[in-house]
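Data from input_25.cif: mmCIF, C-alpha atoms
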```
data_coords
#
loop_
_atom_site.label_atom_id
_atom_site.label_comp_id
_atom_site.auth_asym_id
_atom_site.auth_seq_id
_atom_site.Cartn_x
_atom_site.Cartn_y
_atom_site.Cartn_z
CA MET J 18 8.13 95.32 -41.38
CA GLU J 19 10.00 92.65 -43.31
CA ASN J 20 13.49 93.05 -41.93
CA LYS J 21 12.42 93.02 -38.32
CA PHE J 22 14.96 90.45 -37.15
CA HIS J 23 17.81 92.21 -38.87
CA LEU J 24 16.71 95.51 -37.33
CA ILE J 25 16.66 93.96 -33.85
CA LYS J 26 20.18 92.64 -34.36
CA LEU J 27 21.34 95.99 -35.67
CA LEU J 28 19.81 97.93 -32.76
CA LYS J 29 21.50 95.58 -30.29
CA GLU J 30 24.79 96.33 -32.05
CA VAL J 31 23.99 100.01 -31.68
CA LEU J 32 23.57 99.65 -27.92
CA LYS J 33 26.88 97.76 -27.65
CA SER J 34 28.68 100.38 -29.75
CA LEU J 35 27.21 103.19 -27.68
CA LYS J 36 28.53 101.59 -24.50
CA LYS J 37 31.98 101.28 -26.07
CA GLU J 38 31.65 104.80 -27.54
CA ASP J 39 32.58 103.31 -30.91
CA TYR J 40 31.35 106.11 -33.19
CA SER J 41 32.93 104.61 -36.28
CA LYS J 42 30.90 101.41 -35.88
CA LEU J 43 27.76 103.48 -35.27
CA LYS J 44 28.30 105.32 -38.56
CA ASN J 45 28.67 102.02 -40.38
CA LEU J 46 25.49 100.66 -38.80
CA SER J 47 23.62 103.79 -39.85
CA ASN J 48 24.88 103.50 -43.44
CA GLU J 49 23.93 99.82 -43.49
CA LEU J 50 20.39 100.71 -42.46
CA VAL J 51 20.09 103.43 -45.10
CA HIS J 52 21.38 101.07 -47.75
CA GLU J 53 18.68 98.56 -46.88
CA SER J 54 15.99 101.25 -46.69
CA SER J 55 16.52 102.65 -50.16
CA ILE J 56 13.98 100.22 -51.61
CA ASP J 57 11.31 100.24 -48.88
CA GLN J 58 11.83 103.90 -47.95
CA ASP J 59 10.13 103.28 -44.59
CA PRO J 60 10.30 106.70 -42.88
CA ASP J 61 10.61 105.18 -39.40
CA ILE J 62 13.55 103.00 -40.37
CA ILE J 63 15.21 105.97 -42.05
CA SER J 64 14.58 107.96 -38.85
CA VAL J 65 16.40 105.24 -36.92
CA ALA J 66 19.36 105.60 -39.30
CA VAL J 67 19.36 109.38 -38.71
CA ILE J 68 19.23 108.85 -34.93
CA ILE J 69 22.14 106.38 -35.01
CA TYR J 70 24.23 108.69 -37.18
CA SER J 71 23.47 111.64 -34.88
CA LEU J 72 24.55 109.60 -31.86
CA SER J 73 27.82 108.73 -33.59
CA LYS J 74 28.54 112.44 -34.15
CA ILE J 75 27.62 113.29 -30.55
CA ILE J 76 29.95 110.65 -29.15
CA GLU J 77 32.71 111.64 -31.56
CA ARG J 78 32.63 115.24 -30.34
CA GLN J 79 32.69 114.48 -26.60
CA PHE J 80 32.16 118.06 -25.43
CA TYR J 81 28.41 117.49 -25.09
CA LYS J 82 29.23 115.71 -21.89
CA ASN J 83 29.96 119.10 -20.34
CA TYR J 84 26.29 120.02 -20.50
CA LYS J 85 24.31 119.44 -17.33
CA GLU J 86 21.29 118.08 -19.20
CA TRP J 87 23.36 115.71 -21.31
CA TYR J 88 23.42 112.61 -19.10
CA LYS J 89 19.69 112.59 -18.51
CA PHE J 90 19.07 113.07 -22.22
CA TYR J 91 21.54 110.33 -23.17
CA LYS J 92 20.11 107.91 -20.59
CA ASN J 93 16.61 108.46 -22.02
CA TYR J 94 17.99 107.73 -25.45
CA LEU J 95 19.48 104.40 -24.42
CA GLU J 96 16.27 103.42 -22.63
CA SER J 97 14.21 104.32 -25.69
CA ILE J 98 16.40 102.19 -27.96
CA SER J 99 16.09 99.26 -25.50
CA ARG J 100 12.30 99.68 -25.48
CA ALA J 101 12.25 99.87 -29.28
CA ILE J 102 14.14 96.54 -29.42
CA LYS J 103 11.64 94.95 -27.03
CA ASN J 104 8.73 96.28 -29.09
CA LEU J 105 10.18 94.67 -32.19
CA GLU J 106 10.83 91.40 -30.37
CA LYS J 107 7.18 91.29 -29.28
CA ASN J 108 6.10 92.26 -32.80
CA GLU J 109 4.60 95.50 -31.44
CA ILE J 110 5.29 97.47 -34.60
CA GLU J 111 3.04 100.43 -33.78
CA GLU J 112 4.65 100.79 -30.33
CA PHE J 113 8.07 100.62 -32.01
CA ARG J 114 7.07 103.46 -34.31
CA THR J 115 5.78 105.48 -31.33
CA GLU J 116 9.11 104.95 -29.55
CA ILE J 117 11.02 106.24 -32.58
CA ALA J 118 8.72 109.27 -32.75
CA LEU J 119 9.42 109.89 -29.03
CA ILE J 120 13.18 109.81 -29.63
CA ARG J 121 12.78 112.30 -32.47
CA GLY J 122 10.59 114.51 -30.30
CA SER J 123 12.91 114.35 -27.29
CA LEU J 124 14.97 117.25 -28.65
CA LYS J 125 12.10 119.56 -27.77
CA SER J 126 12.61 118.84 -24.07
CA LEU J 127 16.14 120.28 -24.17
CA ASN J 128 17.08 123.88 -23.46
CA GLY J 129 19.59 126.48 -24.58
CA ASP J 130 22.81 125.68 -26.41
CA LEU J 131 22.48 121.91 -26.12
CA LYS J 132 19.10 122.03 -27.85
CA GLU J 133 20.58 124.09 -30.68
CA TYR J 134 23.60 121.81 -31.06
CA MET J 135 21.47 118.70 -31.05
CA GLN J 136 19.01 120.11 -33.59
CA ASP J 137 21.96 121.03 -35.79
CA ILE J 138 23.42 117.54 -35.51
CA PHE J 139 20.08 115.91 -36.36
CA ARG J 140 19.60 118.23 -39.34
CA LYS J 141 23.07 117.47 -40.68
CA ALA J 142 22.55 113.76 -40.08
CA SER J 143 19.32 113.90 -42.12
CA ILE J 144 21.16 115.61 -44.98
CA ASN J 145 23.99 113.07 -44.78
CA LYS J 146 21.53 110.15 -44.96
CA ALA J 147 19.65 111.87 -47.80
CA SER J 148 22.83 112.13 -49.84
CA LYS J 149 23.37 108.39 -49.33
CA ILE J 150 19.86 107.60 -50.59
CA TYR J 151 20.35 109.93 -53.58
CA GLU J 152 23.58 108.05 -54.37
CA HIS J 153 21.49 104.86 -54.51
CA GLY J 154 19.57 106.20 -57.54
CA ILE J 155 16.49 107.78 -55.96
CA SER J 156 15.66 111.24 -57.34
CA MET J 157 16.51 114.42 -55.49
CA GLY J 158 12.86 115.40 -54.94
CA LYS J 159 11.90 111.98 -53.67
CA THR J 160 14.93 111.77 -51.38
CA ALA J 161 14.31 115.23 -49.91
CA LYS J 162 10.72 114.24 -49.19
CA ILE J 163 11.67 110.97 -47.49
CA LEU J 164 14.09 112.75 -45.15
CA GLY J 165 11.98 115.87 -44.62
CA ILE J 166 14.70 118.23 -45.83
CA SER J 167 14.76 120.82 -48.60
CA ILE J 168 16.19 120.21 -52.07
CA TRP J 169 18.47 123.20 -51.35
CA GLU J 170 20.18 121.35 -48.51
CA LEU J 171 20.45 118.14 -50.50
CA ALA J 172 21.79 119.85 -53.64
CA GLU J 173 24.66 121.41 -51.69
CA PHE J 174 25.63 118.08 -50.17
CA ALA J 175 25.02 115.84 -53.20
CA GLY J 176 27.16 118.01 -55.45
CA GLN J 177 30.13 117.59 -53.15
CA SER J 178 29.85 113.82 -52.77
CA PRO J 179 32.10 111.86 -55.08
CA SER J 180 30.20 109.56 -57.41
CA GLY J 181 31.84 106.41 -58.61
CA GLU J 182 29.09 105.77 -61.16
CA ILE J 183 29.63 108.80 -63.33
CA ASN J 184 29.94 106.85 -66.59
CA LEU J 185 26.48 105.36 -66.17
CA ALA J 186 25.07 108.84 -65.63
CA VAL J 187 26.46 110.09 -68.96
CA THR J 188 23.35 109.41 -71.01
CA LEU J 189 23.94 111.58 -74.07
CA PRO J 190 27.20 112.70 -75.75
CA ILE J 191 27.98 116.17 -74.47
CA ASN J 192 28.32 117.68 -77.96
CA LYS J 193 24.77 116.52 -78.74
CA ARG J 194 23.39 118.07 -75.55
CA ILE J 195 25.20 121.33 -76.25
CA LYS J 196 23.78 121.28 -79.79
CA ILE J 197 20.25 120.87 -78.40
CA ALA J 198 20.81 123.90 -76.14
CA GLU J 199 22.38 126.00 -78.91
CA ASP J 200 19.59 125.24 -81.38
CA PHE J 201 16.99 126.15 -78.77
CA PHE J 202 18.62 129.52 -78.06
CA LYS J 203 19.20 130.46 -81.73
CA MET F 4 6.01 128.27 -82.99
CA LYS F 5 6.01 129.15 -79.28
CA LYS F 6 9.10 128.13 -77.29
CA TYR F 7 9.14 126.90 -73.69
CA LEU F 8 12.09 126.20 -71.44
CA ILE F 9 10.69 124.20 -68.50
CA PHE F 10 12.70 124.21 -65.27
CA ASP F 11 12.89 121.61 -62.56
CA SER F 12 13.78 123.09 -59.16
CA GLY F 13 17.45 121.96 -59.16
CA PRO F 14 18.82 124.28 -61.89
CA LEU F 15 17.08 127.37 -60.44
CA ILE F 16 18.38 126.54 -56.95
CA ASN F 17 21.81 126.03 -58.46
CA PHE F 18 21.80 129.37 -60.30
CA ALA F 19 20.52 131.11 -57.16
CA MET F 20 23.13 129.56 -54.84
CA ASN F 21 25.90 130.54 -57.24
CA GLY F 22 24.70 134.14 -57.59
CA LEU F 23 23.90 133.56 -61.27
CA LEU F 24 20.28 134.72 -61.38
CA PRO F 25 21.23 137.96 -63.25
CA VAL F 26 22.73 135.70 -65.93
CA LEU F 27 19.44 133.81 -66.15
CA GLU F 28 17.66 137.14 -66.56
CA LYS F 29 19.93 138.06 -69.48
CA LEU F 30 19.33 134.67 -71.08
CA LYS F 31 15.58 135.18 -70.81
CA LYS F 32 15.70 138.68 -72.32
CA ASP F 33 17.62 137.26 -75.27
CA PHE F 34 15.23 134.32 -75.65
CA ASP F 35 12.11 134.33 -77.81
CA GLY F 36 9.89 132.29 -75.53
CA ASP F 37 8.98 131.56 -71.90
CA PHE F 38 10.94 130.21 -68.95
CA LEU F 39 8.33 128.12 -67.14
CA ILE F 40 7.94 126.44 -63.76
CA THR F 41 5.15 124.41 -62.19
CA LYS F 42 3.47 125.21 -58.87
CA GLU F 43 5.33 122.24 -57.35
CA VAL F 44 8.67 123.78 -58.39
CA LYS F 45 7.55 127.20 -57.09
CA SER F 46 6.89 125.59 -53.73
CA GLU F 47 10.38 124.03 -53.72
CA ILE F 48 12.27 127.12 -54.84
CA ILE F 49 10.29 129.96 -53.23
CA ASP F 50 7.61 129.00 -50.69
CA TYR F 51 9.46 126.42 -48.58
CA PRO F 52 12.98 127.98 -48.54
CA SER F 53 11.52 131.36 -47.58
CA THR F 54 10.93 129.76 -44.16
CA ILE F 55 14.62 128.77 -43.79
CA LYS F 56 16.94 131.66 -42.87
CA LYS F 57 19.89 130.14 -44.73
CA TYR F 58 18.01 130.24 -48.04
CA GLU F 59 15.64 133.16 -47.48
CA LEU F 60 17.64 135.64 -49.57
CA GLU F 61 17.90 133.31 -52.57
CA SER F 62 14.20 132.47 -52.37
CA LEU F 63 13.36 136.20 -52.37
CA GLN F 64 15.58 136.71 -55.41
CA LEU F 65 13.77 133.90 -57.19
CA GLU F 66 10.41 135.35 -56.17
CA ASN F 67 11.55 138.63 -57.69
CA LEU F 68 12.27 136.84 -60.99
CA LEU F 69 8.76 135.43 -60.85
CA LYS F 70 7.29 138.92 -60.24
CA LYS F 71 9.28 140.26 -63.20
CA GLU F 72 8.03 137.34 -65.31
CA ILE F 73 11.56 136.20 -66.08
CA ILE F 74 10.28 132.83 -64.88
CA LYS F 75 6.56 132.19 -65.12
CA LEU F 76 4.06 129.68 -63.86
CA GLY F 77 2.68 127.72 -66.79
CA ASP F 78 -0.31 129.72 -68.11
CA LEU F 79 -2.81 126.89 -68.15
CA THR F 80 -6.58 126.72 -68.57
CA GLU F 81 -8.68 124.96 -65.95
CA LYS F 82 -8.90 121.97 -68.29
CA GLN F 83 -5.11 121.90 -68.73
CA ILE F 84 -4.56 122.14 -64.94
CA ASN F 85 -6.66 119.01 -64.48
CA GLU F 86 -4.86 117.36 -67.35
CA LEU F 87 -1.50 118.24 -65.79
CA ARG F 88 -2.52 116.75 -62.45
CA ILE F 89 -3.65 113.52 -64.12
CA LYS F 90 -0.49 113.28 -66.23
CA ARG F 91 1.72 114.06 -63.21
CA GLU F 92 0.14 111.26 -61.17
CA ASN F 93 0.26 108.90 -64.15
CA LEU F 94 3.96 109.61 -64.83
CA MET F 95 4.78 109.22 -61.14
CA ASN F 96 2.91 105.93 -60.99
CA ILE F 97 4.68 104.61 -64.10
CA ALA F 98 8.14 105.81 -63.00
CA ASN F 99 7.67 104.29 -59.56
CA ASN F 100 6.57 100.95 -60.99
CA THR F 101 9.32 100.49 -63.55
CA PHE F 102 12.09 98.93 -61.48
CA PHE F 103 11.68 96.14 -58.95
CA SER F 104 13.87 94.49 -56.35
CA ASN F 105 12.55 91.20 -54.98
CA ASN F 106 9.20 92.02 -56.60
CA LYS F 107 9.00 95.29 -54.71
CA SER F 108 8.72 98.47 -56.76
CA ILE F 109 11.38 101.12 -56.23
CA HIS F 110 9.95 104.60 -55.81
CA LEU F 111 12.23 106.86 -57.81
CA LEU F 112 10.50 110.15 -58.59
CA ASP F 113 8.41 112.67 -56.68
CA LYS F 114 5.70 115.17 -57.61
CA GLY F 115 8.05 118.05 -58.48
CA GLU F 116 9.98 116.14 -61.10
CA CYS F 117 6.83 114.50 -62.54
CA ALA F 118 4.97 117.83 -62.73
CA ALA F 119 7.78 119.28 -64.87
CA LEU F 120 7.55 116.25 -67.17
CA ALA F 121 3.74 116.56 -67.29
CA LEU F 122 3.94 120.26 -68.20
CA TYR F 123 6.31 119.35 -71.04
CA GLN F 124 3.75 116.86 -72.37
CA ILE F 125 0.84 119.28 -72.17
CA LEU F 126 2.39 122.28 -73.88
CA GLU F 127 2.35 122.55 -77.64
CA GLY F 128 5.34 124.12 -79.32
CA GLU F 129 9.10 123.83 -79.09
CA LYS F 130 10.01 122.55 -75.62
CA LEU F 131 13.09 121.75 -73.59
CA LEU F 132 13.50 120.64 -69.98
CA VAL F 133 16.24 121.83 -67.63
CA ILE F 134 16.98 119.15 -65.01
CA ASP F 135 20.14 118.89 -62.90
CA GLU F 136 19.43 115.76 -60.92
CA ARG F 137 20.52 112.44 -62.28
CA THR F 138 17.61 110.01 -61.80
CA THR F 139 14.92 111.71 -63.93
CA ARG F 140 17.39 112.35 -66.75
CA MET F 141 18.60 108.74 -66.71
CA LEU F 142 15.04 107.39 -66.72
CA CYS F 143 14.28 109.48 -69.81
CA GLU F 144 17.52 109.06 -71.75
CA ASN F 145 18.95 105.72 -70.72
CA PRO F 146 16.77 103.70 -68.35
CA GLU F 147 19.00 100.64 -68.79
CA ASN F 148 21.86 102.61 -67.25
CA LEU F 149 19.58 103.56 -64.36
CA LYS F 150 18.79 99.87 -63.88
CA LYS F 151 22.53 99.11 -63.80
CA LEU F 152 23.12 101.94 -61.32
CA LEU F 153 20.37 100.62 -59.03
CA GLU F 154 21.80 97.10 -59.24
CA LYS F 155 25.26 98.32 -58.40
CA LYS F 156 24.20 100.57 -55.54
CA LEU F 157 21.54 98.34 -54.01
CA HIS F 158 23.63 95.16 -54.48
CA SER F 159 20.48 93.49 -55.70
CA LYS F 160 19.10 92.02 -58.91
CA ILE F 161 16.75 94.58 -60.43
CA SER F 162 13.99 93.66 -62.83
CA ALA F 163 12.42 96.22 -65.13
CA ASN F 164 9.09 96.69 -66.82
CA LYS F 165 10.71 97.77 -70.08
CA LYS F 166 7.38 98.75 -71.67
CA ASN F 167 7.42 101.74 -69.31
CA TYR F 168 10.61 103.07 -70.88
CA ASN F 169 8.51 104.31 -73.82
CA PHE F 170 6.63 106.78 -71.60
CA PHE F 171 9.85 108.72 -70.95
CA LYS F 172 11.77 108.48 -74.21
CA ASP F 173 10.57 111.69 -75.89
CA PHE F 174 11.71 114.27 -73.35
CA LYS F 175 14.55 116.58 -74.39
CA ILE F 176 16.75 117.61 -71.49
CA ILE F 177 19.61 120.01 -70.79
CA ARG F 178 21.22 120.98 -67.45
CA SER F 179 22.26 124.22 -65.77
CA THR F 180 25.76 123.63 -67.17
CA GLU F 181 24.55 123.82 -70.77
CA LEU F 182 22.68 127.04 -69.93
CA ALA F 183 25.89 128.44 -68.45
CA PHE F 184 27.76 127.48 -71.63
CA ILE F 185 25.21 129.36 -73.76
CA ALA F 186 25.32 132.38 -71.44
CA ASN F 187 29.10 132.48 -71.62
CA LYS F 188 29.09 132.15 -75.39
CA LYS F 189 26.62 135.01 -75.71
CA GLY F 190 28.83 137.20 -73.54
CA PHE F 191 26.43 137.39 -70.58
CA ILE F 192 29.10 136.65 -68.00
CA GLU F 193 30.76 139.95 -67.20
CA ILE F 194 34.12 138.54 -66.16
CA GLU F 195 36.88 138.55 -68.71
CA ASP F 196 39.07 135.69 -67.69
CA SER F 197 39.95 132.56 -69.62
CA ARG F 198 39.10 130.45 -66.55
CA ILE F 199 35.50 131.63 -66.28
CA LEU F 200 33.80 128.72 -68.08
CA ASP F 201 35.72 126.19 -65.99
CA ALA F 202 34.76 128.08 -62.82
CA LEU F 203 31.09 128.27 -63.84
CA LEU F 204 30.80 124.60 -64.72
CA TYR F 205 32.48 123.37 -61.54
CA ALA F 206 30.42 125.75 -59.38
CA LEU F 207 27.24 124.29 -60.89
CA LYS F 208 28.50 120.72 -60.49
CA ILE F 209 29.33 121.32 -56.82
CA ARG F 210 25.84 122.62 -56.13
CA GLY F 211 24.03 119.61 -57.49
CA CYS F 212 24.28 119.42 -61.29
CA SER F 213 24.94 115.83 -62.31
CA ILE F 214 27.84 116.22 -64.74
CA SER F 215 31.15 114.39 -64.91
CA GLU F 216 34.56 116.04 -64.93
CA GLU F 217 35.14 114.47 -68.36
CA GLU F 218 32.00 116.17 -69.68
CA ILE F 219 33.18 119.50 -68.25
CA GLU F 220 36.52 119.14 -70.00
CA GLU F 221 34.73 118.35 -73.29
CA ILE F 222 32.46 121.37 -72.94
CA LYS F 223 35.48 123.59 -72.44
CA LYS F 224 36.92 122.34 -75.73
CA LEU F 225 33.66 123.27 -77.52
CA ASN F 226 33.91 126.90 -76.40
#
```

Please lay out the structure from this file as structure tokens.
Amino acid sequence: MENKFHLIKLLKEVLKSLKKEDYSKLKNLSNELVHESSIDQDPDIISVAVIIYSLSKIIERQFYKNYKEWYKFYKNYLESISRAIKNLEKNEIEEFRTEIALIRGSLKSLNGDLKEYMQDIFRKASINKASKIYEHGISMGKTAKILGISIWELAEFAGQSPSGEINLAVTLPINKRIKIAEDFFK
Amino acid sequence: MKKYLIFDSGPLINFAMNGLLPVLEKLKKDFDGDFLITKEVKSEIIDYPSTIKKYELESLQLENLLKKEIIKLGDLTEKQINELRIKRENLMNIANNTFFSNNKSIHLLDKGECAALALYQILEGEKLLVIDERTTRMLCENPENLKKLLEKKLHSKISANKKNYNFFKDFKIIRSTELAFIANKKGFIEIEDSRILDALLYALKIRGCSISEEEIEEIKKLN
């Protein structure tokens, strides 16, 4: 894990932002992590980005606090992130990865509506992060695989994201491409 | 000479999500050749989404097209299947070792996209690929633009093994939007309204076809 020190710093920022309930900062931290992960495509780091983004959405919506199970679940989350930071500081990379897997698996311990809401938030967070990676130039199939989502979900989201790089993506004059299609269907 | 239109998963997903599969069926019936998919694309458009309630209906509709042989799995011999697997892995390896950031290769393509490219290489006859996503098309048609896109998005200097560009330069590609244009021109869209082409093209763009608004406006002028 090459960017270990940066990841430690970022996770510490995450803890601070969680305490301040600064969901906007959390979203930025998540996007920063995805941006840096587009080259390495380390699934655990991308999972961390999904977790951070999910937490930002949870905090933004507030009403989760009304669920009885919420505080215990949230406390476990914070403890897991603290442990993950310590693992990285001690260079215990495998333990760090186990901790991230535990956070991902913690949804299974929930019940009822909260479980459904949380699963929905994590799913949407994965799709959001996938669309960011696709924007970075990675193919749709590859991106869907990295995030463990379907191309169907990604296609819906990617098509609605504005792209500022549209001129680069125009790789053949449109009249030529139409001509190719017309000739083929003659 | 036999004709093959080879689909990546994106355009079929796009047609399905927009309720345009009957249009695809009409296009096929009017076409003197085969609409082909690979087993990797079948998995992406039928097998996997059939397990997700949100997409189950569309996946069943696509499966129905497969049963009716509107779309077909490439009819390959055992030797060709092995050849396809080797070519798929080779293309994926080349694509994923073409661009580098800080000496690290950037993995761009996955099996599904590379299998469609491999099938194109194996088949003899007149061939055309239908791909909606941007990266594979850019790698084939203008890899330098893809390099610039990566540099811009990753905020990093990208180096390229330009010899690899040659492996991708011979693929001919259209998108779901060009298919929709043809379908409209042939009268396969049963809505008589001057706005229909605009509506079709934007619907396909919104569900994942990489096309610019400027291109859409130009297509409309060609109608």

Neighbours of point (13.7, 111.9, -33.2) within 9 Å, using all atoms listed in the file, written as a ChimeraX atom specification: /J:64-65,67-68,117-124,139

Interatomic distance (Å, one decimal) between atom CA of J:Ala198 and atom CA of F:Lys45: 23.4 Å

Neighbour list for F:Cys117 as a VMD selection string, cut-off 12 Å, only C-alpha atoms, skip fewer than 5 positions in-chain: (chain J and resid 156 to 159) or (chain F and resid 10 to 12 41 to 44 87 to 99 111 to 112 122 to 124 132 134 138 to 140 142 to 143 170 to 171 174)

Test item: the PyMOL selection byres ((chain F) within 7 of (chain J)) resolved as an NGL selection string: :F and (16 or 34 or 109 or 111-113 or 115-116 or 136-139 or 141 or 144-145 or 148 or 152-153 or 156-157 or 177 or 181 or 185 or 208-212 or 215 or 218)

One-decimal distance in Å that lies between atom CA of F:Asp50 and atom CA of F:Lys114: 15.6 Å

Taking all listed atoms of stretch 158-176 of chain F, build the axis-aligned box, pad each of the six sides by 3 Å, then write its centre and edge lengths in Å to one decimal as JSON.
```
{"center_x": 15.1, "center_y": 104.8, "center_z": -65.2, "size_x": 23.0, "size_y": 31.6, "size_z": 27.4}
```

Test item: residues at most 8 Å from stretch 26-28 of chain J, all atoms listed in the file, excluding those fewer than 3 positions along its chain, as a VMD selection string: chain J and resid 22 to 23 31 to 32 46 98 102

All residues 7 Å or closer to stretch 203-207 of chain F, all atoms listed in the file, same chain fewer than 6 positions away omitted, as a ChimeraX atom specification: /F:17,21,179-180,183,219

Separation of atom CA of J:Leu164 from atom CA of F:Leu39 in Å: 27.4 Å

Point (9.9, 126.0, -70.0) neighbourhood (8 Å, only C-alpha atoms) written as a VMD selection string: chain F and resid 6 to 10 37 to 40 123 130 to 133

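If you measure from each of J:Asp137, J:Asn20, J:Ile166, J:Tyr40 to J:Gln79 using only C-alpha atoms, the closest one turns out to be J:Tyr40.
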
Spatial neighbours of J:Met135, max dist 10 Å, only C-alpha atoms, sep filter under 2 positions, as a count of residues only: 17
